[in-house]
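*Asks:* Coordinates in my_file04.cif, mmCIF, C-alpha atoms, are listed below.
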```cif
data_query
loop_
_atom_site.label_atom_id
_atom_site.label_comp_id
_atom_site.auth_asym_id
_atom_site.auth_seq_id
_atom_site.Cartn_x
_atom_site.Cartn_y
_atom_site.Cartn_z
CA MET A 1 1.40 -14.98 -12.23
CA SER A 2 1.59 -18.19 -10.24
CA ILE A 3 2.67 -18.20 -6.61
CA PHE A 4 5.93 -19.93 -7.53
CA SER A 5 6.94 -17.34 -10.10
CA LYS A 6 6.12 -14.56 -7.63
CA LEU A 7 8.33 -16.26 -5.07
CA ILE A 8 11.17 -16.62 -7.54
CA THR A 9 10.86 -12.92 -8.28
CA ALA A 10 10.92 -12.22 -4.55
CA ILE A 11 14.04 -14.31 -4.00
CA ARG A 12 15.92 -13.24 -7.14
CA GLY A 13 15.12 -9.61 -6.58
CA GLY A 14 17.05 -9.60 -3.34
CA ALA A 15 19.90 -11.79 -4.50
CA THR A 16 20.88 -9.61 -7.40
CA GLU A 17 21.13 -6.52 -5.26
CA ALA A 18 24.56 -5.55 -4.03
CA GLY A 19 23.35 -5.70 -0.44
CA GLN A 20 23.16 -8.76 1.77
CA ALA A 21 19.39 -9.19 1.72
CA VAL A 22 18.32 -12.38 -0.03
CA VAL A 23 14.70 -11.61 -0.13
CA ASP A 24 13.24 -8.58 -1.75
CA THR A 25 11.31 -7.15 1.17
CA GLN A 26 9.19 -5.16 -1.24
CA ALA A 27 8.17 -8.36 -3.03
CA ILE A 28 7.36 -9.97 0.29
CA ARG A 29 5.20 -7.01 1.21
CA ILE A 30 3.40 -7.39 -2.11
CA LEU A 31 2.88 -11.11 -1.48
CA GLU A 32 1.54 -10.37 1.97
CA GLN A 33 -0.77 -7.74 0.53
CA GLU A 34 -2.01 -10.29 -2.01
CA LEU A 35 -2.53 -12.73 0.80
CA ARG A 36 -4.61 -10.16 2.69
CA ASP A 37 -6.55 -9.39 -0.52
CA SER A 38 -7.22 -13.10 -1.08
CA LYS A 39 -8.40 -13.47 2.49
CA LYS A 40 -10.72 -10.48 2.03
CA ALA A 41 -11.97 -11.92 -1.27
CA LEU A 42 -12.63 -15.17 0.53
CA GLY A 43 -14.64 -13.34 3.20
CA ASP A 44 -16.60 -11.51 0.48
CA ALA A 45 -17.25 -14.75 -1.37
CA LYS A 46 -18.55 -16.34 1.81
CA THR A 47 -20.86 -13.38 2.48
CA GLY A 48 -21.98 -13.57 -1.17
CA LEU A 49 -22.71 -17.24 -0.80
CA THR A 50 -24.82 -16.63 2.31
CA SER A 51 -26.97 -13.98 0.64
CA ILE A 52 -27.37 -16.01 -2.56
CA MET A 53 -28.42 -19.02 -0.51
CA ALA A 54 -31.00 -16.84 1.28
CA GLU A 55 -32.34 -15.58 -2.06
CA LYS A 56 -32.38 -19.12 -3.39
CA MET A 57 -34.46 -20.20 -0.42
CA GLY A 58 -36.97 -17.42 -1.26
CA VAL A 59 -37.29 -18.62 -4.87
CA ASP A 60 -37.49 -22.20 -3.63
CA ARG A 61 -40.50 -21.20 -1.50
CA LYS A 62 -42.14 -19.48 -4.51
CA VAL A 63 -41.69 -22.63 -6.66
CA LYS A 64 -43.22 -24.83 -3.97
CA ASP A 65 -46.03 -22.31 -3.53
CA LEU A 66 -46.78 -22.30 -7.28
CA ASN A 67 -46.72 -26.08 -7.44
CA SER A 68 -49.24 -26.39 -4.64
CA LYS A 69 -51.44 -23.64 -6.20
CA ILE A 70 -51.43 -25.52 -9.54
CA LYS A 71 -52.45 -28.71 -7.76
CA GLU A 72 -55.17 -26.86 -5.83
CA HIS A 73 -56.58 -25.23 -8.99
CA GLU A 74 -56.47 -28.48 -10.92
CA GLY A 75 -58.86 -29.80 -8.22
CA TYR A 76 -61.12 -26.77 -8.71
CA ALA A 77 -61.18 -27.22 -12.50
CA ILE A 78 -62.15 -30.90 -12.15
CA GLN A 79 -64.91 -29.98 -9.70
CA ALA A 80 -66.24 -27.29 -12.11
CA MET A 81 -66.22 -29.78 -14.99
CA GLU A 82 -68.05 -32.33 -12.85
CA LYS A 83 -70.71 -29.70 -12.20
CA GLY A 84 -70.89 -29.07 -15.96
CA ASP A 85 -69.70 -25.47 -15.57
CA GLU A 86 -67.43 -25.32 -18.62
CA VAL A 87 -66.97 -21.52 -18.40
CA LEU A 88 -65.75 -21.68 -14.79
CA ALA A 89 -63.56 -24.66 -15.65
CA LEU A 90 -61.96 -22.68 -18.51
CA ASP A 91 -61.34 -19.67 -16.22
CA VAL A 92 -59.64 -21.95 -13.69
CA ALA A 93 -57.64 -23.61 -16.50
CA ASN A 94 -56.45 -20.14 -17.64
CA LYS A 95 -55.36 -19.38 -14.08
CA ILE A 96 -53.43 -22.69 -14.01
CA ALA A 97 -51.72 -21.73 -17.27
CA GLU A 98 -50.68 -18.43 -15.67
CA PHE A 99 -49.27 -20.29 -12.67
CA GLU A 100 -47.38 -22.68 -14.95
CA GLN A 101 -45.80 -19.82 -16.86
CA GLU A 102 -44.70 -18.23 -13.59
CA LEU A 103 -43.41 -21.62 -12.41
CA THR A 104 -41.25 -22.00 -15.55
CA ILE A 105 -39.75 -18.57 -14.90
CA GLN A 106 -39.15 -19.18 -11.19
CA GLN A 107 -37.74 -22.66 -11.84
CA GLY A 108 -35.26 -21.09 -14.25
CA VAL A 109 -34.27 -18.54 -11.60
CA LEU A 110 -33.90 -21.34 -9.06
CA ASP A 111 -31.66 -23.38 -11.40
CA GLY A 112 -29.55 -20.26 -11.94
CA TYR A 113 -29.12 -19.82 -8.20
CA GLU A 114 -28.18 -23.46 -7.79
CA SER A 115 -25.36 -23.28 -10.33
CA LYS A 116 -24.24 -19.97 -8.78
CA VAL A 117 -24.06 -21.60 -5.35
CA THR A 118 -22.10 -24.56 -6.73
CA ASN A 119 -19.69 -22.20 -8.48
CA LEU A 120 -19.23 -20.01 -5.43
CA LYS A 121 -18.53 -23.03 -3.24
CA LYS A 122 -15.92 -24.17 -5.76
CA ILE A 123 -14.31 -20.72 -5.82
CA ILE A 124 -14.27 -20.60 -2.03
CA ARG A 125 -12.55 -23.98 -1.80
CA GLN A 126 -10.00 -22.95 -4.43
CA THR A 127 -9.32 -19.64 -2.71
CA GLU A 128 -8.87 -21.37 0.61
CA ARG A 129 -6.33 -23.73 -0.94
CA ASN A 130 -4.50 -20.82 -2.59
CA ILE A 131 -4.37 -18.95 0.69
CA GLN A 132 -2.94 -21.97 2.48
CA ALA A 133 -0.30 -22.41 -0.22
CA MET A 134 0.58 -18.72 -0.16
CA ASP A 135 0.77 -18.73 3.63
CA ARG A 136 3.18 -21.65 3.45
CA GLU A 137 5.34 -20.11 0.76
CA VAL A 138 5.57 -16.74 2.46
CA SER A 139 6.61 -18.49 5.64
CA VAL A 140 9.34 -20.38 3.76
CA VAL A 141 10.66 -17.19 2.21
CA LYS A 142 10.71 -15.53 5.62
CA THR A 143 12.46 -18.58 7.10
CA THR A 144 15.07 -18.40 4.36
CA GLU A 145 15.64 -14.77 5.18
CA LYS A 146 16.04 -15.55 8.88
CA VAL A 147 18.53 -18.32 8.14
CA GLN A 148 20.50 -16.04 5.86
CA LYS A 149 20.70 -13.46 8.62
CA ALA A 150 21.74 -16.15 11.09
CA ASN A 151 24.51 -17.29 8.76
CA GLU A 152 25.80 -13.75 8.40
CA LEU A 153 25.78 -13.37 12.16
CA ALA A 154 27.62 -16.66 12.50
CA ALA A 155 30.19 -15.68 9.91
CA ALA A 156 30.79 -12.42 11.73
CA LYS A 157 30.99 -14.20 15.08
CA PHE A 158 33.49 -16.85 13.94
CA SER A 159 35.77 -14.85 11.76
CA GLY A 160 35.29 -11.27 12.81
CA SER A 161 34.18 -10.33 9.34
CA ASN A 162 32.10 -11.78 6.52
CA SER A 163 34.74 -11.80 3.83
CA SER A 164 37.32 -13.81 5.73
CA LEU A 165 35.05 -16.87 5.87
CA THR A 166 37.18 -19.82 4.86
CA SER A 167 36.17 -21.87 1.86
CA ALA A 168 34.08 -25.03 2.05
CA THR A 169 36.95 -27.23 0.88
CA ASP A 170 39.24 -25.73 3.52
CA SER A 171 36.67 -26.49 6.17
CA LEU A 172 36.25 -30.02 4.90
CA GLU A 173 40.03 -30.51 4.92
CA ARG A 174 40.14 -29.25 8.49
CA ILE A 175 37.40 -31.66 9.57
CA LYS A 176 39.14 -34.54 7.82
CA ALA A 177 42.46 -33.61 9.40
CA ARG A 178 40.82 -33.53 12.79
CA GLN A 179 39.25 -36.90 12.18
CA GLN A 180 42.61 -38.30 11.07
CA GLN A 181 44.29 -36.84 14.12
CA ARG A 182 41.63 -38.38 16.32
CA GLU A 183 42.10 -41.75 14.65
CA ASP A 184 45.89 -41.50 14.99
CA GLN A 185 45.50 -40.60 18.61
CA ALA A 186 43.19 -43.53 19.13
CA SER A 187 45.51 -46.00 17.44
CA ALA A 188 48.51 -44.59 19.30
CA ALA A 189 46.63 -44.93 22.52
CA MET A 190 45.76 -48.50 21.64
CA GLU A 191 49.37 -49.33 20.82
CA LEU A 192 50.51 -47.80 24.04
CA GLU A 193 47.95 -49.77 25.93
CA SER A 194 49.01 -53.04 24.36
CA GLU A 195 52.63 -52.25 25.09
CA GLU A 196 51.76 -51.44 28.62
CA SER A 197 49.79 -54.60 29.08
CA GLY A 198 52.73 -56.49 27.51
CA ASP A 199 55.05 -54.90 30.06
CA ASP A 200 52.68 -55.83 32.75
CA LEU A 201 52.64 -59.44 31.59
CA GLN A 202 56.43 -59.55 31.54
CA ALA A 203 56.59 -58.21 35.04
CA ARG A 204 54.12 -60.81 36.26
CA LEU A 205 56.02 -63.62 34.54
CA LYS A 206 59.26 -62.41 36.11
CA SER A 207 57.84 -62.16 39.55
CA ALA A 208 56.45 -65.65 39.13
CA GLY A 209 59.96 -66.82 38.25
CA ILE A 210 58.84 -68.12 34.86
CA VAL A 211 60.85 -65.62 32.92
CA ASP A 212 64.39 -64.76 33.89
CA SER A 213 64.15 -61.77 36.16
CA GLY A 214 66.66 -59.98 34.05
CA SER A 215 70.35 -60.22 33.73
CA SER A 216 72.76 -58.48 36.01
CA GLY A 217 76.54 -58.59 36.24
CA SER A 218 76.41 -61.02 39.09
CA SER A 219 73.96 -63.39 37.38
CA VAL A 220 76.11 -63.47 34.25
CA LEU A 221 79.19 -64.21 36.33
CA GLU A 222 77.31 -66.98 38.14
CA ARG A 223 76.28 -68.54 34.82
CA LEU A 224 79.79 -68.40 33.44
CA LYS A 225 81.13 -70.02 36.60
CA LYS A 226 78.65 -72.87 36.28
CA LYS A 227 79.61 -73.31 32.64
CA LYS A 228 83.30 -73.47 33.50
CA GLU A 229 82.72 -76.00 36.31
CA SER A 230 80.72 -78.32 34.09
CA SER A 231 83.24 -78.22 31.27
CA MET B 1 3.72 -18.70 18.22
CA ASN B 2 6.27 -20.74 16.26
CA ASN B 3 8.93 -20.14 18.81
CA VAL B 4 7.30 -22.48 21.31
CA LYS B 5 7.71 -25.31 18.83
CA LEU B 6 11.35 -24.44 18.11
CA GLU B 7 12.14 -24.01 21.80
CA GLN B 8 10.70 -27.45 22.52
CA LEU B 9 12.79 -28.99 19.71
CA VAL B 10 15.94 -27.32 21.02
CA LYS B 11 15.22 -28.61 24.51
CA ASP B 12 14.59 -32.16 23.23
CA LEU B 13 17.73 -32.12 21.09
CA SER B 14 19.88 -30.91 23.99
CA GLU B 15 18.88 -33.99 25.93
CA ASN B 16 19.93 -36.32 23.12
CA GLN B 17 22.96 -37.26 21.07
CA LEU B 18 23.46 -38.86 17.66
CA SER B 19 23.36 -42.63 17.25
CA ASP B 20 27.18 -42.84 17.38
CA GLU B 21 27.15 -40.81 20.61
CA THR B 22 28.35 -37.70 18.82
CA GLN B 23 27.44 -34.67 20.88
CA LEU B 24 25.35 -31.79 19.61
CA SER B 25 25.63 -28.26 20.85
CA ILE B 26 22.55 -26.19 20.26
CA GLU B 27 21.83 -22.56 20.84
CA MET B 28 19.12 -20.13 19.85
CA PHE B 29 20.59 -17.87 17.31
CA ASP B 30 18.73 -14.64 17.70
CA GLY B 31 16.89 -12.80 20.40
CA GLU B 32 13.59 -13.61 18.73
CA ASN B 33 14.26 -17.35 19.04
CA THR B 34 13.37 -17.98 15.42
CA VAL B 35 16.54 -19.78 14.33
CA ALA B 36 18.45 -22.42 16.29
CA CYS B 37 22.06 -23.23 15.48
CA ILE B 38 23.09 -26.88 15.85
CA LYS B 39 26.76 -27.84 15.86
CA VAL B 40 27.75 -31.46 15.45
CA GLU B 41 30.84 -32.35 17.46
CA ASP B 42 34.01 -32.16 15.30
CA ARG B 43 32.08 -30.68 12.40
CA GLU B 44 31.59 -27.20 13.82
CA GLU B 45 32.58 -25.68 10.46
CA PHE B 46 29.19 -26.63 9.04
CA PRO B 47 26.54 -25.61 11.55
CA ILE B 48 22.95 -26.63 10.90
CA TYR B 49 20.34 -23.90 11.17
CA MET B 50 16.91 -25.04 12.26
CA THR B 51 13.62 -23.22 12.01
CA ALA B 52 10.11 -24.42 12.75
CA ASP B 53 6.63 -23.24 11.87
CA GLU B 54 3.20 -24.84 11.39
CA GLY B 55 4.21 -25.95 7.90
CA GLN B 56 7.54 -27.66 8.50
CA VAL B 57 10.78 -27.99 10.42
CA LEU B 58 13.69 -26.92 8.22
CA CYS B 59 17.34 -27.88 8.75
CA ILE B 60 19.74 -25.92 6.55
CA THR B 61 23.51 -26.05 6.14
CA TYR B 62 25.57 -23.67 4.03
CA LEU B 63 27.92 -25.45 1.63
CA PHE B 64 29.84 -22.80 -0.29
CA ALA B 65 29.39 -19.38 -1.79
CA GLU B 66 28.98 -18.57 -5.45
CA ASP B 67 32.46 -17.03 -5.53
CA GLU B 68 34.00 -20.38 -4.55
CA VAL B 69 32.59 -21.99 -7.69
CA ASP B 70 34.88 -22.29 -10.70
CA PRO B 71 33.03 -20.08 -13.20
CA ALA B 72 33.91 -22.41 -16.07
CA LYS B 73 32.25 -25.34 -14.30
CA ARG B 74 29.16 -23.59 -12.96
CA ALA B 75 26.72 -25.31 -15.33
CA GLU B 76 28.26 -28.70 -14.62
CA LEU B 77 27.93 -28.06 -10.89
CA ALA B 78 24.25 -27.18 -11.28
CA GLU B 79 23.60 -30.32 -13.29
CA ALA B 80 25.53 -32.51 -10.85
CA MET B 81 23.44 -31.12 -8.00
CA LEU B 82 20.20 -31.79 -9.86
CA LEU B 83 21.29 -35.33 -10.67
CA MET B 84 22.37 -36.02 -7.11
CA ASN B 85 19.28 -34.51 -5.49
CA VAL B 86 17.13 -37.62 -5.69
CA MET B 87 19.91 -39.97 -4.69
CA ILE B 88 20.91 -38.22 -1.49
CA PRO B 89 18.92 -39.63 1.40
CA LEU B 90 16.61 -37.06 3.01
CA SER B 91 18.64 -33.99 2.02
CA ALA B 92 18.45 -31.78 -1.05
CA PHE B 93 20.50 -29.00 -2.63
CA SER B 94 19.29 -25.46 -2.91
CA LYS B 95 20.52 -21.90 -2.94
CA ILE B 96 19.92 -18.93 -0.67
CA GLY B 97 21.20 -15.67 -2.04
CA ASN B 98 24.71 -16.38 -3.30
CA GLN B 99 25.17 -19.40 -1.04
CA TYR B 100 24.66 -23.00 -2.07
CA ILE B 101 22.95 -24.93 0.69
CA MET B 102 21.83 -28.41 1.61
CA PHE B 103 18.62 -28.83 3.53
CA GLY B 104 16.17 -31.31 4.91
CA ALA B 105 12.53 -30.65 5.77
CA LEU B 106 10.42 -32.52 8.28
CA SER B 107 6.81 -32.51 9.30
CA PRO B 108 6.26 -30.41 12.42
CA ARG B 109 4.81 -33.59 13.92
CA ALA B 110 8.05 -35.55 13.40
CA SER B 111 9.47 -37.28 16.47
CA ILE B 112 12.74 -36.33 18.13
CA ASP B 113 14.30 -39.56 16.80
CA GLU B 114 13.34 -38.58 13.27
CA LEU B 115 14.86 -35.15 13.80
CA LEU B 116 18.08 -36.66 15.15
CA HIS B 117 18.23 -38.98 12.14
CA GLU B 118 17.71 -36.02 9.84
CA ILE B 119 20.53 -34.05 11.48
CA GLU B 120 22.88 -37.02 11.37
CA LEU B 121 22.22 -37.64 7.68
CA LEU B 122 22.39 -33.95 6.77
CA SER B 123 25.77 -33.65 8.51
CA ASP B 124 27.12 -36.71 6.66
CA ASN B 125 25.61 -35.61 3.35
CA VAL B 126 27.17 -32.15 3.64
CA LEU B 127 30.69 -33.58 3.96
CA GLU B 128 30.03 -36.00 1.10
CA ALA B 129 28.58 -33.24 -1.05
CA ILE B 130 31.51 -30.89 -0.54
CA ALA B 131 33.98 -33.67 -1.26
CA THR B 132 32.08 -34.49 -4.46
CA MET B 133 31.51 -30.89 -5.49
CA SER B 134 35.09 -29.81 -4.85
CA ASP B 135 35.76 -30.82 -8.48
CA TYR B 136 33.69 -27.82 -9.52
CA LEU B 137 35.12 -25.40 -7.01
CA LYS B 138 38.11 -23.15 -7.39
CA GLU B 139 41.33 -24.59 -6.06
CA ALA B 140 41.57 -23.80 -2.37
CA ALA B 141 43.82 -20.81 -1.95
#
```
Take the structure in the file and give it back as structure tokens.

*Replies:*
Amino acid sequence: MSIFSKLITAIRGGATEAGQAVVDTQAIRILEQELRDSKKALGDAKTGLTSIMAEKMGVDRKVKDLNSKIKEHEGYAIQAMEKGDEVLALDVANKIAEFEQELTIQQGVLDGYESKVTNLKKIIRQTERNIQAMDREVSVVKTTEKVQKANELAAAKFSGSNSSLTSATDSLERIKARQQQREDQASAAMELESEESGDDLQARLKSAGIVDSGSSGSSVLERLKKKKESS
Amino acid sequence: MNNVKLEQLVKDLSENQLSDETQLSIEMFDGENTVACIKVEDREEFPIYMTADEGQVLCITYLFAEDEVDPAKRAELAEAMLLMNVMIPLSAFSKIGNQYIMFGALSPRASIDELLHEIELLSDNVLEAIATMSDYLKEAA
């Protein structure tokens, strides 16, 4: 099973239960166990790689040794032939043949070790990547669980109980209403301010004598008198 | 070990406000200091929960519960969420337990400005999302 499907199992498992837990703690424990197993497997693979590389070095030495022995004996065979000692030359040639057979075998072993090392390195890289991914996913699942708990705590704190949590649309309406109220307040305040500044302007104009400083009984009477006199 | 990171983020956030000067109130949610609760001024109904670890900083807001969804429109809701997911800047829909959520994830190396931007967008997106999704919810009682 892939990591993702395990995670889905972990999350679903909890959600379908009647209780509040989102995450199936059992599934998380299993994931964590798998993570520990993978880490152990990684350690084993690394130890395996070290010992295989040591063995490979041994075989490598044998191959080099055989190659130099072949070269050495080829020199002996030539020298024997130069001396006309055909029997000795043939004996040496037989020895070389033996060495060559052994070399073929050891070379095969060496090639085997090389592909093993390559494979092991690949497996180790893959395992390391898997472990990183698993680590990440487990941490996300745990985070989710923490957030869920936090939300339950919050719900209990705000409303006294979980069930009386108001609906999302109610909350949105409340926020919108508050925003509207704030805007209304702001525009009312602005209106008030402009009125006030208008009043202020009037007062200044009056005190400057530009605008009539307001009518009073006596000023009306005065005006009427003037009107009568001029008529 | 993660708590140091979260504590630092909480401290940095407390010293900042959103671009429109909206205030944030932040508190550690639990004694273990693993979840911080961020409330955007005037939108306290939809707190943002923040967690941090080596992998990512997560900001999560709860939208509505399964029982608020109109059962007849559940499939439509799911499809609408999938369709909207790519279009919503920085936030995505998801579900925790029986709660639909909206979340944003950041690199743990993100700057405080990036985190503030994330919170601002998440808060806006949540209101937009609920307004849009209210078509699929039961009529408010």

*Asks:* Between atom CA of A:Glu55 and atom CA of A:Asp37, measure the distance and give it in Å to one decimal.

*Replies:* 26.6 Å

*Asks:* Provide as a ChimeraX atom specification the residues of chain B at most 7 Å from chain A, counting all atoms listed in the file.

*Replies:* /B:29,35,42-43,45,49,51,55,63-64,68,96-98,127,130,134,140

*Asks:* Using all atoms listed in the file, which of A:Glu183, A:Glu152, A:Glu32, A:Glu100 sits nearest B:Tyr62?

*Replies:* A:Glu152

*Asks:* May I ask for the distance between atom CA of B:Leu90 and atom CA of B:Leu106, given in Å to one decimal place?

*Replies:* 9.3 Å

*Asks:* Run the PyMOL selection byres ((chain B and resi 61) around 7) against the file shown and list the residues it catches, as a compact mmCIF listing (two decimals) with C-alpha atoms, in the frame of the given file.

*Replies:*
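Result written to expr35.txt:
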```
# COMPACT_ATOMS: atom_id res chain seq x y z
CA PHE B 46 29.19 -26.63 9.04
CA PRO B 47 26.54 -25.61 11.55
CA ILE B 48 22.95 -26.63 10.90
CA TYR B 49 20.34 -23.90 11.17
CA CYS B 59 17.34 -27.88 8.75
CA ILE B 60 19.74 -25.92 6.55
CA TYR B 62 25.57 -23.67 4.03
CA LEU B 63 27.92 -25.45 1.63
CA ILE B 101 22.95 -24.93 0.69
CA MET B 102 21.83 -28.41 1.61
CA PHE B 103 18.62 -28.83 3.53
```

*Asks:* Report as a list in words the full result of the PyMOL selection byres ((chain B and resi 72-76) around 10) when it is applied to this structure.

*Replies:*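 Evaluating the PyMOL selection byres ((chain B and resi 72-76) around 10) on this file yields Glu66, Val69, Asp70, Pro71, Leu77, Ala78, Glu79, Ala80, Met81, Leu82, Met133, Asp135, Tyr136, Leu137 and Lys138 of chain B.
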
*Asks:* For a quick check of understanding, using all atoms listed in the file, which of B:Glu32, B:Asp53, B:Glu44, B:Glu118 has the smallest distance to B:Leu18?

*Replies:*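 Nearest to B:Leu18: B:Glu118.
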
*Asks:* For the PyMOL selection byres ((chain B and resi 36) around 8), applied here, can you spell out every residue it catches as a list in words?

*Replies:*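 After applying the PyMOL selection byres ((chain B and resi 36) around 8), what remains is Leu6, Val10, Ile26, Glu27, Met28, Phe29, Asp30, Asn33, Thr34, Val35, Cys37, Ile38, Tyr49, Met50 and Thr51 of chain B.
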
*Asks:* So that I can see what lies close to B:Glu21, please list as a ChimeraX atom specification the residues with an atom at most 12 Å from it, counting only C-alpha atoms and leaving out residues fewer than 5 positions away in the same chain.

*Replies:* /B:15-16,40-41,116,120

*Asks:* Name the closest residue to A:Ser51 among the candidates A:Lys122, A:Ser187, A:Met134, A:Tyr113; distances are taken between atoms, counting all atoms listed in the file.

*Replies:*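 Using all atoms listed in the file, A:Ser51 sits closest to A:Tyr113.
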
*Asks:* How far is it from atom CA of A:Lys39 to atom CA of A:Ile52, in Å with one decimal?

*Replies:*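 For atom CA of A:Lys39 relative to atom CA of A:Ile52, the distance reads 19.8 Å.
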
*Asks:* Would you pick out the contacts of B:His117 at 12 Å or less, using all atoms listed in the file, so that residues sharing its chain but fewer than 4 positions from it are not included, and give the list as a PyMOL selection string?

*Replies:* chain B and resi 13+16-20+59+89-91+104-106+110-113+121-125
